[in-house]
file final-v8.txt (compact mmCIF, C-alpha atoms and all ligand atoms)
# COMPACT_ATOMS: atom_id res chain seq x y z
CA MET A 28 0.00 0.00 0.00
CA GLN A 29 1.32 3.45 -0.98
CA ILE A 30 1.12 6.51 1.28
CA LYS A 31 -1.58 8.08 -0.90
CA GLN A 32 -3.63 4.88 -0.89
CA ALA A 33 -3.32 4.54 2.89
CA LEU A 34 -4.49 8.14 3.35
CA SER A 35 -7.40 7.77 0.96
CA HIS A 36 -8.50 4.51 2.65
CA ALA A 37 -8.30 6.13 6.09
CA ARG A 38 -10.24 9.25 5.03
CA SER A 39 -13.06 7.13 3.67
CA GLN A 40 -13.24 5.16 6.94
CA LEU A 41 -13.07 8.22 9.20
CA GLY A 42 -16.32 9.77 8.02
CA ALA A 43 -17.60 10.21 11.58
CA SER A 44 -14.54 12.18 12.67
CA GLU A 45 -14.68 16.00 12.59
CA SER A 46 -11.36 16.09 10.73
CA PRO A 47 -10.81 12.90 8.66
CA HIS A 48 -8.00 14.39 6.53
CA LEU A 49 -6.02 15.63 9.50
CA ASP A 50 -6.60 12.46 11.55
CA ALA A 51 -5.42 10.25 8.68
CA GLU A 52 -2.27 12.31 8.17
CA LEU A 53 -1.45 12.53 11.89
CA LEU A 54 -1.75 8.76 12.32
CA LEU A 55 0.33 7.89 9.28
CA ALA A 56 3.01 10.49 10.04
CA TYR A 57 3.18 9.09 13.59
CA VAL A 58 3.60 5.50 12.36
CA LEU A 59 6.32 6.54 9.91
CA GLY A 60 8.04 8.82 12.43
CA LYS A 61 8.02 11.65 9.87
CA PRO A 62 6.51 15.14 9.71
CA ARG A 63 3.16 15.45 7.87
CA GLU A 64 4.85 17.25 4.95
CA TYR A 65 6.65 13.98 4.14
CA LEU A 66 3.32 12.39 3.20
CA ILE A 67 2.59 15.12 0.68
CA THR A 68 6.12 15.06 -0.75
CA TRP A 69 6.34 11.24 -1.11
CA PRO A 70 2.79 10.01 -1.88
CA GLU A 71 3.98 6.99 -3.85
CA THR A 72 6.25 5.56 -1.17
CA VAL A 73 5.20 2.00 -0.37
CA LEU A 74 4.61 1.21 3.31
CA GLU A 75 6.46 -1.68 4.94
CA GLU A 76 4.16 -4.50 6.05
CA SER A 77 4.72 -3.62 9.74
CA GLU A 78 3.96 0.06 9.07
CA GLN A 79 0.77 -0.83 7.26
CA GLN A 80 -0.35 -3.10 10.11
CA ALA A 81 0.43 -0.49 12.76
CA PHE A 82 -1.41 2.17 10.76
CA LEU A 83 -4.53 0.03 10.23
CA GLN A 84 -4.61 -0.84 13.92
CA LEU A 85 -4.47 2.81 14.99
CA LEU A 86 -7.05 3.67 12.36
CA GLN A 87 -9.42 1.10 13.83
CA GLN A 88 -9.02 2.62 17.30
CA ARG A 89 -9.67 6.10 15.92
CA ILE A 90 -12.78 4.88 14.07
CA SER A 91 -14.09 3.58 17.39
CA GLY A 92 -13.70 7.11 18.78
CA TYR A 93 -10.43 6.89 20.74
CA PRO A 94 -8.92 10.41 20.82
CA ILE A 95 -6.23 11.06 18.24
CA ALA A 96 -4.05 12.80 20.85
CA TYR A 97 -3.97 9.65 23.01
CA LEU A 98 -3.08 7.53 19.98
CA ILE A 99 -0.13 9.67 18.92
CA GLY A 100 0.73 10.84 22.47
CA THR A 101 0.87 14.58 21.77
CA LYS A 102 -1.35 17.60 21.32
CA GLY A 103 -0.45 21.09 20.14
CA PHE A 104 -1.38 23.88 22.57
CA TRP A 105 -0.39 27.54 22.43
CA ASN A 106 2.93 27.37 20.57
CA PHE A 107 4.26 24.00 21.71
CA ASP A 108 3.45 20.29 21.69
CA LEU A 109 2.42 18.66 24.95
CA LYS A 110 2.75 15.03 25.83
CA VAL A 111 -0.70 13.64 26.66
CA THR A 112 -1.93 10.31 27.99
CA ALA A 113 -5.35 8.97 28.96
CA ASP A 114 -4.63 10.30 32.52
CA VAL A 115 -5.38 13.85 31.41
CA LEU A 116 -7.92 15.85 29.44
CA VAL A 117 -6.78 16.54 25.88
CA PRO A 118 -6.15 20.31 25.95
CA ARG A 119 -8.69 22.18 23.78
CA PRO A 120 -7.98 25.15 21.50
CA GLU A 121 -10.67 27.24 23.26
CA THR A 122 -8.69 27.03 26.50
CA GLU A 123 -5.99 29.20 24.88
CA LEU A 124 -8.47 32.06 25.46
CA LEU A 125 -7.69 31.87 29.20
CA VAL A 126 -3.98 32.31 28.53
CA GLU A 127 -4.68 35.36 26.32
CA ILE A 128 -6.92 36.98 28.95
CA ILE A 129 -4.42 36.53 31.80
CA LEU A 130 -1.57 37.89 29.66
CA LYS A 131 -3.70 40.96 28.89
CA HIS A 132 -4.62 41.61 32.53
CA LEU A 133 -1.22 41.28 34.21
CA ASP A 134 1.92 43.18 33.23
CA THR A 135 5.40 41.72 32.93
CA LYS A 136 6.45 42.49 36.53
CA LYS A 137 6.91 39.63 38.98
CA HIS A 138 3.52 38.03 39.62
CA LEU A 139 2.36 34.93 41.41
CA VAL A 140 -0.24 33.00 39.40
CA ALA A 141 -1.92 29.64 40.05
CA ASP A 142 -3.46 27.20 37.56
CA LEU A 143 -5.88 24.94 39.46
CA GLY A 144 -6.54 21.54 37.85
CA THR A 145 -3.59 21.81 35.51
CA GLY A 146 -4.02 18.39 33.78
CA SER A 147 -1.30 18.17 31.11
CA GLY A 148 -0.05 21.58 32.32
CA ALA A 149 -1.43 23.40 29.27
CA ILE A 150 -2.41 26.76 30.80
CA ALA A 151 0.39 26.87 33.38
CA LEU A 152 3.08 26.04 30.83
CA ALA A 153 1.82 28.61 28.31
CA LEU A 154 1.90 31.29 31.02
CA ALA A 155 5.30 30.19 32.30
CA SER A 156 6.76 30.29 28.79
CA GLU A 157 5.30 33.71 27.94
CA ARG A 158 6.25 35.31 31.27
CA PRO A 159 9.54 33.96 32.64
CA GLU A 160 9.41 36.64 35.36
CA TRP A 161 6.19 35.23 36.84
CA GLN A 162 6.09 32.39 39.36
CA ILE A 163 3.45 29.81 38.44
CA VAL A 164 1.92 27.25 40.80
CA ALA A 165 0.16 24.39 39.01
CA THR A 166 -2.07 22.06 41.02
CA ASP A 167 -4.16 18.98 40.47
CA SER A 168 -5.78 16.29 42.61
CA SER A 169 -4.37 13.65 40.24
CA GLN A 170 -0.76 12.60 40.81
CA ALA A 171 -0.65 11.02 37.33
CA ALA A 172 -1.63 14.39 35.80
CA LEU A 173 1.01 16.22 37.86
CA ASN A 174 3.69 13.72 36.78
CA LEU A 175 2.81 14.32 33.14
CA ALA A 176 2.64 18.11 33.56
CA GLY A 177 6.06 17.98 35.24
CA GLU A 178 7.44 16.01 32.32
CA ASN A 179 6.04 18.59 29.90
CA ALA A 180 7.64 21.42 31.91
CA LYS A 181 10.97 19.62 31.75
CA ASN A 182 10.70 19.03 27.99
CA LEU A 183 9.97 22.73 27.50
CA GLN A 184 12.80 23.66 29.91
CA LEU A 185 10.50 25.83 32.03
CA LYS A 186 11.79 26.47 35.51
CA ASN A 187 9.38 29.13 36.87
CA ILE A 188 6.70 26.60 37.70
CA GLU A 189 5.98 24.58 40.80
CA PHE A 190 3.62 21.58 40.95
CA ARG A 191 1.46 20.77 43.96
CA ARG A 192 -1.07 18.08 44.65
CA GLY A 193 -4.32 18.91 46.42
CA SER A 194 -7.97 19.72 46.02
CA TRP A 195 -8.44 23.20 44.54
CA THR A 196 -6.96 25.93 46.76
CA ALA A 197 -5.93 23.47 49.51
CA ALA A 198 -2.72 22.99 47.52
CA LEU A 199 -1.90 26.71 47.67
CA ASN A 200 -1.17 27.17 51.39
CA GLY A 201 -2.98 30.51 51.46
CA LYS A 202 -0.56 32.14 49.06
CA ASN A 203 -1.09 35.81 48.23
CA LEU A 204 -1.78 35.44 44.53
CA ASP A 205 -2.13 38.01 41.77
CA ALA A 206 -4.28 35.65 39.69
CA ILE A 207 -5.91 32.25 39.81
CA VAL A 208 -6.89 30.58 36.57
CA SER A 209 -8.77 27.31 36.22
CA ASN A 210 -10.44 25.09 33.67
CA PRO A 211 -12.26 22.82 36.12
CA PRO A 212 -14.67 19.97 35.36
CA TYR A 213 -17.99 21.57 34.38
CA ILE A 214 -20.08 18.98 32.52
CA ASP A 215 -23.34 17.81 34.05
CA LYS A 216 -23.21 14.06 34.72
CA ALA A 217 -26.46 13.60 32.74
CA ASP A 218 -25.07 15.38 29.65
CA MET A 219 -25.46 13.04 26.68
CA HIS A 220 -22.20 14.31 25.12
CA LEU A 221 -20.34 12.21 27.72
CA LYS A 222 -21.51 9.14 25.82
CA GLN A 223 -20.29 10.43 22.45
CA GLY A 224 -16.97 10.89 20.64
CA ASP A 225 -13.69 11.60 22.42
CA LEU A 226 -15.30 12.45 25.80
CA ARG A 227 -16.02 8.74 26.37
CA TYR A 228 -12.30 8.09 26.79
CA GLU A 229 -11.21 11.11 28.84
CA PRO A 230 -10.90 10.92 32.67
CA VAL A 231 -14.32 11.46 34.22
CA GLN A 232 -12.79 13.48 37.10
CA ALA A 233 -11.55 15.97 34.50
CA LEU A 234 -14.98 16.38 32.94
CA VAL A 235 -17.88 15.97 35.33
CA ALA A 236 -19.06 18.08 38.25
CA GLU A 237 -22.12 17.95 40.52
CA GLU A 238 -24.89 20.60 40.53
CA GLN A 239 -25.42 20.53 36.76
CA GLY A 240 -21.67 20.97 36.34
CA LEU A 241 -21.38 24.04 38.60
CA ALA A 242 -20.07 22.51 41.86
CA ASP A 243 -16.33 22.93 41.21
CA LEU A 244 -16.76 26.40 39.66
CA ARG A 245 -18.68 27.43 42.81
CA GLN A 246 -16.13 25.89 45.17
CA ILE A 247 -13.16 27.51 43.44
CA ALA A 248 -14.92 30.91 43.46
CA ALA A 249 -15.62 30.65 47.19
CA GLU A 250 -12.16 29.39 48.16
CA ALA A 251 -10.10 31.67 45.90
CA LEU A 252 -11.09 34.77 47.90
CA ASP A 253 -8.73 33.62 50.68
CA ASN A 254 -5.84 33.13 48.29
CA LEU A 255 -6.04 36.21 46.07
CA LYS A 256 -4.53 39.59 46.92
CA PRO A 257 -7.05 42.44 47.14
CA GLY A 258 -7.60 43.33 43.46
CA GLY A 259 -6.34 39.89 42.35
CA ILE A 260 -8.20 38.15 39.54
CA LEU A 261 -9.97 34.84 39.18
CA LEU A 262 -10.54 33.48 35.68
CA MET A 263 -12.48 30.28 35.07
CA GLU A 264 -13.44 28.42 31.91
CA HIS A 265 -17.03 27.11 31.83
CA GLY A 266 -19.63 25.60 29.53
CA TYR A 267 -21.12 27.84 26.86
CA GLN A 268 -24.51 27.76 28.60
CA GLN A 269 -23.10 28.42 32.09
CA GLY A 270 -22.10 32.08 31.70
CA GLU A 271 -25.06 33.52 33.55
CA ALA A 272 -24.86 31.00 36.41
CA VAL A 273 -21.12 31.63 36.83
CA ARG A 274 -21.55 35.43 36.86
CA HIS A 275 -24.25 34.94 39.49
CA LEU A 276 -22.16 32.70 41.75
CA LEU A 277 -19.16 35.07 41.48
CA ALA A 278 -21.36 38.04 42.43
CA GLN A 279 -22.79 36.06 45.37
CA SER A 280 -19.24 35.34 46.58
CA GLY A 281 -18.55 39.10 46.58
CA TYR A 282 -16.33 39.55 43.49
CA ASN A 283 -16.28 42.76 41.43
CA GLU A 284 -15.76 43.63 37.75
CA ILE A 285 -17.27 40.34 36.59
CA GLN A 286 -16.89 39.89 32.86
CA THR A 287 -17.53 36.96 30.50
CA TYR A 288 -15.45 36.35 27.38
CA ARG A 289 -16.49 34.54 24.22
CA ASP A 290 -14.40 32.00 22.31
CA LEU A 291 -13.71 32.06 18.57
CA ALA A 292 -17.04 30.36 17.93
CA GLY A 293 -18.76 33.33 19.66
CA LEU A 294 -19.78 31.22 22.69
CA GLU A 295 -19.52 32.35 26.33
CA ARG A 296 -16.46 30.41 27.48
CA ALA A 297 -14.65 32.08 30.39
CA THR A 298 -15.52 34.52 33.16
CA LEU A 299 -13.13 36.84 34.98
CA ALA A 300 -13.73 38.50 38.33
CA ARG A 301 -11.70 40.68 40.69
CA ARG A 302 -11.41 40.25 44.43
C1 LIG B 1 -11.10 20.10 32.54
S1 LIG B 1 -9.59 19.40 33.13
C2 LIG B 1 -8.48 20.74 32.70
C3 LIG B 1 -7.07 20.31 32.44
C4 LIG B 1 -6.17 21.44 31.90
N1 LIG B 1 -6.14 22.58 32.81
C5 LIG B 1 -6.64 21.89 30.53
O1 LIG B 1 -7.23 22.98 30.43
O2 LIG B 1 -6.42 21.17 29.56
C6 LIG B 1 -9.80 19.57 34.88
C7 LIG B 1 -8.65 19.14 35.75
O3 LIG B 1 -9.02 19.35 37.12
C8 LIG B 1 -8.54 18.28 37.91
N2 LIG B 1 -9.38 18.19 39.12
C9 LIG B 1 -10.60 17.61 39.26
N3 LIG B 1 -11.03 17.77 40.53
C10 LIG B 1 -10.07 18.46 41.20
C11 LIG B 1 -9.94 18.95 42.53
N4 LIG B 1 -10.90 18.75 43.43
N5 LIG B 1 -8.82 19.63 42.85
C12 LIG B 1 -7.83 19.83 41.93
N6 LIG B 1 -7.90 19.41 40.66
C13 LIG B 1 -9.02 18.72 40.30
C14 LIG B 1 -8.63 17.07 37.00
O4 LIG B 1 -7.75 16.05 37.45
C15 LIG B 1 -8.25 17.68 35.65
O5 LIG B 1 -6.86 17.59 35.44

call {"tool": "encode", "arguments": {"input": "final-v8.txt", "output": "structure tokens"}}
result
Amino acid sequence: MQIKQALSHARSQLGASESPHLDAELLLAYVLGKPREYLITWPETVLEESEQQAFLQLLQQRISGYPIAYLIGTKGFWNFDLKVTADVLVPRPETELLVEIILKHLDTKKHLVADLGTGSGAIALALASERPEWQIVATDSSQAALNLAGENAKNLQLKNIEFRRGSWTAALNGKNLDAIVSNPPYIDKADMHLKQGDLRYEPVQALVAEEQGLADLRQIAAEALDNLKPGGILLMEHGYQQGEAVRHLLAQSGYNEIQTYRDLAGLERATLARR
């Protein structure tokens, strides 16, 4: 089987995927250990039998819905590639919005910033790489996630980041923070999307929260008041239909300057508030 035949076969099988062309290329490039451009430059190269077998096996897993990032072990976020495993949520492009907002709100002086529920380290590592003068604390309740995030920090040679295990702000030791950012679990356990596509394979503790998905957002909002400096900011990602509820719970906790931001699809995606 030639490269172009393998790609065409995979595309026709991946009809249910949102991005059959990209998925096919990522899987084949991964199997061959080459960049994607290689596939375009050498379409008539014949695959070795072992390469063909490995490719067809991965293709089958992808057809059954297993996330592409878990199959190839990496996911692009911000301007780097992160190692990902089934222990962590696959970082989403819309989460880059949180990085942009924090960078806009804090200057380049020394600041102390926490990323609660860091997963693969996506938000924390983007901030640490953009602002070497800041000190970043990245927390998670999952040791497996922290191990992976630590590995990603090492690969990116980022030193201004500290990892701590604990539930939400308990890991912070009452630090006087300039900003707290979090993309917590916010999906309602009855949400039918949990039974579809990639979500079926991601860690449930990274996805699901009680109270129609609002429990962790509420808890973080309440706890963060004790950890932020006066005037410090809290920024949380949430579901596109949760904007109003999140603004309400932030107001109830006593925050000021509450503002919701929309993602590139125009959906309410993150809300910022000031202590
Ligand atoms: C939606 S994922 C976000 C991961 C990463 N920040 C990102 O944006 O890709 C939520 C993360 O919160 C962590 N988490 C869940 N409950 C937690 C808790 N009580 N305390 C700290 N982290 C928690 C999960 O392990 C998971 O890594």

call {"tool": "residues_around", "arguments": {"input": "final-v8.txt", "residues": "Glu189 of chain A", "least_positions_apart": "5", "cutoff": "7 Å", "atoms": "all atoms listed in the file", "output": "NGL selection string"}}
result
:A and (163-165)

call {"tool": "residues_near_ligand", "arguments": {"input": "final-v8.txt", "ligand": "ligand LIG 1 (chain B)", "cutoff": "7 Å", "atoms": "all atoms listed in the file", "output": "CSV table (one decimal) with C-alpha atoms, keeping the file's coordinate frame"}}
result
chain,number,residue,atom,x,y,z
A,115,VAL,CA,-5.4,13.8,31.4
A,116,LEU,CA,-7.9,15.8,29.4
A,117,VAL,CA,-6.8,16.5,25.9
A,118,PRO,CA,-6.2,20.3,26.0
A,119,ARG,CA,-8.7,22.2,23.8
A,122,THR,CA,-8.7,27.0,26.5
A,143,LEU,CA,-5.9,24.9,39.5
A,144,GLY,CA,-6.5,21.5,37.8
A,145,THR,CA,-3.6,21.8,35.5
A,146,GLY,CA,-4.0,18.4,33.8
A,147,SER,CA,-1.3,18.2,31.1
A,148,GLY,CA,0.0,21.6,32.3
A,149,ALA,CA,-1.4,23.4,29.3
A,150,ILE,CA,-2.4,26.8,30.8
A,166,THR,CA,-2.1,22.1,41.0
A,167,ASP,CA,-4.2,19.0,40.5
A,168,SER,CA,-5.8,16.3,42.6
A,169,SER,CA,-4.4,13.6,40.2
A,172,ALA,CA,-1.6,14.4,35.8
A,193,GLY,CA,-4.3,18.9,46.4
A,194,SER,CA,-8.0,19.7,46.0
A,195,TRP,CA,-8.4,23.2,44.5
A,209,SER,CA,-8.8,27.3,36.2
A,210,ASN,CA,-10.4,25.1,33.7
A,211,PRO,CA,-12.3,22.8,36.1
A,212,PRO,CA,-14.7,20.0,35.4
A,232,GLN,CA,-12.8,13.5,37.1
A,233,ALA,CA,-11.6,16.0,34.5
A,234,LEU,CA,-15.0,16.4,32.9

call {"tool": "residues_around", "arguments": {"input": "final-v8.txt", "residues": "Ser280 of chain A", "least_positions_apart": "6", "cutoff": "12 Å", "atoms": "only C-alpha atoms", "output": "list in words"}}
result
Leu244, Arg245, Gln246, Ile247, Ala248, Ala249, Glu250, Ala251, Leu252, Asp253, Leu261, Val273, Arg274, Ala300, Arg301 and Arg302 of chain A

call {"tool": "residues_around", "arguments": {"input": "final-v8.txt", "residues": "segment 220-231 of chain A", "least_positions_apart": "5", "cutoff": "7 Å", "atoms": "all atoms listed in the file", "output": "ChimeraX atom specification"}}
result
/A:92-94,113-116

call {"tool": "closest_residue", "arguments": {"input": "final-v8.txt", "among": "A:Glu178, A:Glu127, A:Glu238, A:Asp134", "to": "Ala297 of chain A", "atoms": "all atoms listed in the file"}}
result
A:Glu127

call {"tool": "residues_around", "arguments": {"input": "final-v8.txt", "residues": "Leu130 of chain A", "least_positions_apart": "6", "cutoff": "12 Å", "atoms": "all atoms listed in the file", "output": "list in words"}}
result
Glu123, Leu124, Lys136, His138, Val140, Ile150, Ala151, Ala153, Leu154, Ala155, Ser156, Glu157, Arg158, Trp161, Ala206, Val208, Ile260 and Leu262 of chain A

call {"tool": "closest_residue", "arguments": {"input": "final-v8.txt", "among": "A:Met28, A:Leu83, A:Met263, A:Val235", "to": "Lys216 of chain A", "atoms": "all atoms listed in the file"}}
result
A:Val235

call {"tool": "residues_around", "arguments": {"input": "final-v8.txt", "residues": "segment 35-42 of chain A", "least_positions_apart": "4", "cutoff": "8 Å", "atoms": "only C-alpha atoms", "output": "CSV table (one decimal) with C-alpha atoms, in the coordinates of the input"}}
result
chain,number,residue,atom,x,y,z
A,31,LYS,CA,-1.6,8.1,-0.9
A,47,PRO,CA,-10.8,12.9,8.7
A,48,HIS,CA,-8.0,14.4,6.5
A,51,ALA,CA,-5.4,10.2,8.7
A,86,LEU,CA,-7.0,3.7,12.4
A,89,ARG,CA,-9.7,6.1,15.9
A,90,ILE,CA,-12.8,4.9,14.1

call {"tool": "closest_residue", "arguments": {"input": "final-v8.txt", "among": "A:Ile285, A:Val111, A:Ile30, A:Leu125", "to": "Phe82 of chain A", "atoms": "all atoms listed in the file"}}
result
A:Ile30

call {"tool": "atom_distance", "arguments": {"input": "final-v8.txt", "atom1": "atom CA of Thr112 of chain A", "atom2": "atom CA of Ala141 of chain A"}}
result
22.8 Å

call {"tool": "atom_distance", "arguments": {"input": "final-v8.txt", "atom1": "atom CA of Lys61 of chain A", "atom2": "atom CA of Asn179 of chain A"}}
result
21.3 Å

call {"tool": "atom_distance", "arguments": {"input": "final-v8.txt", "atom1": "atom CA of Asn182 of chain A", "atom2": "atom CA of Asn200 of chain A"}}
result
27.5 Å

call {"tool": "closest_residue", "arguments": {"input": "final-v8.txt", "among": "A:Ile129, A:Asp218, A:Phe190, A:Gln239", "to": "Gly259 of chain A", "atoms": "all atoms listed in the file"}}
result
A:Ile129

call {"tool": "closest_residue", "arguments": {"input": "final-v8.txt", "among": "A:Ile128, A:Ala198, A:Ala217, A:Ala33", "to": "Thr298 of chain A", "atoms": "all atoms listed in the file"}}
result
A:Ile128

call {"tool": "closest_residue", "arguments": {"input": "final-v8.txt", "among": "A:Gln88, A:Gln268, A:Gln80, A:Gln162", "to": "Asp50 of chain A", "atoms": "only C-alpha atoms"}}
result
A:Gln88

call {"tool": "build_atoms", "arguments": {"input": "final-v8.txt", "residues": "segment 69-97 of chain A", "atoms": "N, CA and C atoms", "output": "compact mmCIF listing (two decimals), in the frame of the given file"}}
result
# COMPACT_ATOMS: atom_id res chain seq x y z
N TRP A 69 6.04 12.61 -0.64
CA TRP A 69 6.34 11.24 -1.11
C TRP A 69 5.09 10.37 -1.15
N PRO A 70 4.07 10.76 -1.91
CA PRO A 70 2.79 10.01 -1.88
C PRO A 70 2.88 8.59 -2.42
N GLU A 71 3.92 8.33 -3.24
CA GLU A 71 3.98 6.99 -3.85
C GLU A 71 4.87 6.01 -3.09
N THR A 72 5.44 6.47 -1.99
CA THR A 72 6.25 5.56 -1.17
C THR A 72 5.39 4.38 -0.68
N VAL A 73 5.95 3.19 -0.80
CA VAL A 73 5.20 2.00 -0.37
C VAL A 73 5.49 1.72 1.10
N LEU A 74 4.44 1.48 1.87
CA LEU A 74 4.61 1.21 3.31
C LEU A 74 5.17 -0.20 3.52
N GLU A 75 6.02 -0.33 4.53
CA GLU A 75 6.46 -1.68 4.94
C GLU A 75 5.24 -2.40 5.52
N GLU A 76 5.29 -3.71 5.52
CA GLU A 76 4.16 -4.50 6.05
C GLU A 76 3.86 -4.10 7.51
N SER A 77 4.93 -3.95 8.32
CA SER A 77 4.72 -3.62 9.74
C SER A 77 4.11 -2.22 9.89
N GLU A 78 4.51 -1.30 9.01
CA GLU A 78 3.96 0.06 9.07
C GLU A 78 2.47 0.04 8.72
N GLN A 79 2.16 -0.74 7.69
CA GLN A 79 0.77 -0.83 7.26
C GLN A 79 -0.11 -1.41 8.38
N GLN A 80 0.41 -2.46 9.02
CA GLN A 80 -0.35 -3.10 10.11
C GLN A 80 -0.56 -2.13 11.26
N ALA A 81 0.52 -1.44 11.63
CA ALA A 81 0.43 -0.49 12.76
C ALA A 81 -0.57 0.62 12.43
N PHE A 82 -0.52 1.10 11.19
CA PHE A 82 -1.41 2.17 10.76
C PHE A 82 -2.87 1.71 10.81
N LEU A 83 -3.14 0.52 10.27
CA LEU A 83 -4.53 0.03 10.23
C LEU A 83 -5.08 -0.21 11.64
N GLN A 84 -4.18 -0.60 12.54
CA GLN A 84 -4.61 -0.84 13.92
C GLN A 84 -5.01 0.49 14.60
N LEU A 85 -4.15 1.50 14.42
CA LEU A 85 -4.47 2.81 14.99
C LEU A 85 -5.74 3.38 14.37
N LEU A 86 -5.87 3.18 13.07
CA LEU A 86 -7.05 3.67 12.36
C LEU A 86 -8.32 3.06 12.96
N GLN A 87 -8.27 1.79 13.25
CA GLN A 87 -9.42 1.10 13.83
C GLN A 87 -9.78 1.72 15.18
N GLN A 88 -8.76 2.01 15.99
CA GLN A 88 -9.02 2.62 17.30
C GLN A 88 -9.64 4.00 17.14
N ARG A 89 -9.13 4.76 16.16
CA ARG A 89 -9.67 6.10 15.92
C ARG A 89 -11.12 6.02 15.43
N ILE A 90 -11.40 5.04 14.57
CA ILE A 90 -12.78 4.88 14.07
C ILE A 90 -13.72 4.60 15.24
N SER A 91 -13.21 3.87 16.24
CA SER A 91 -14.09 3.58 17.39
C SER A 91 -14.18 4.77 18.34
N GLY A 92 -13.51 5.87 18.02
CA GLY A 92 -13.70 7.11 18.78
C GLY A 92 -12.56 7.46 19.71
N TYR A 93 -11.53 6.61 19.81
CA TYR A 93 -10.43 6.89 20.74
C TYR A 93 -9.72 8.18 20.29
N PRO A 94 -9.46 9.11 21.22
CA PRO A 94 -8.92 10.41 20.82
C PRO A 94 -7.57 10.31 20.10
N ILE A 95 -7.46 11.07 19.05
CA ILE A 95 -6.23 11.06 18.24
C ILE A 95 -5.01 11.42 19.10
N ALA A 96 -5.19 12.36 20.02
CA ALA A 96 -4.05 12.80 20.85
C ALA A 96 -3.52 11.66 21.73
N TYR A 97 -4.43 10.79 22.22
CA TYR A 97 -3.97 9.65 23.01
C TYR A 97 -3.24 8.63 22.12
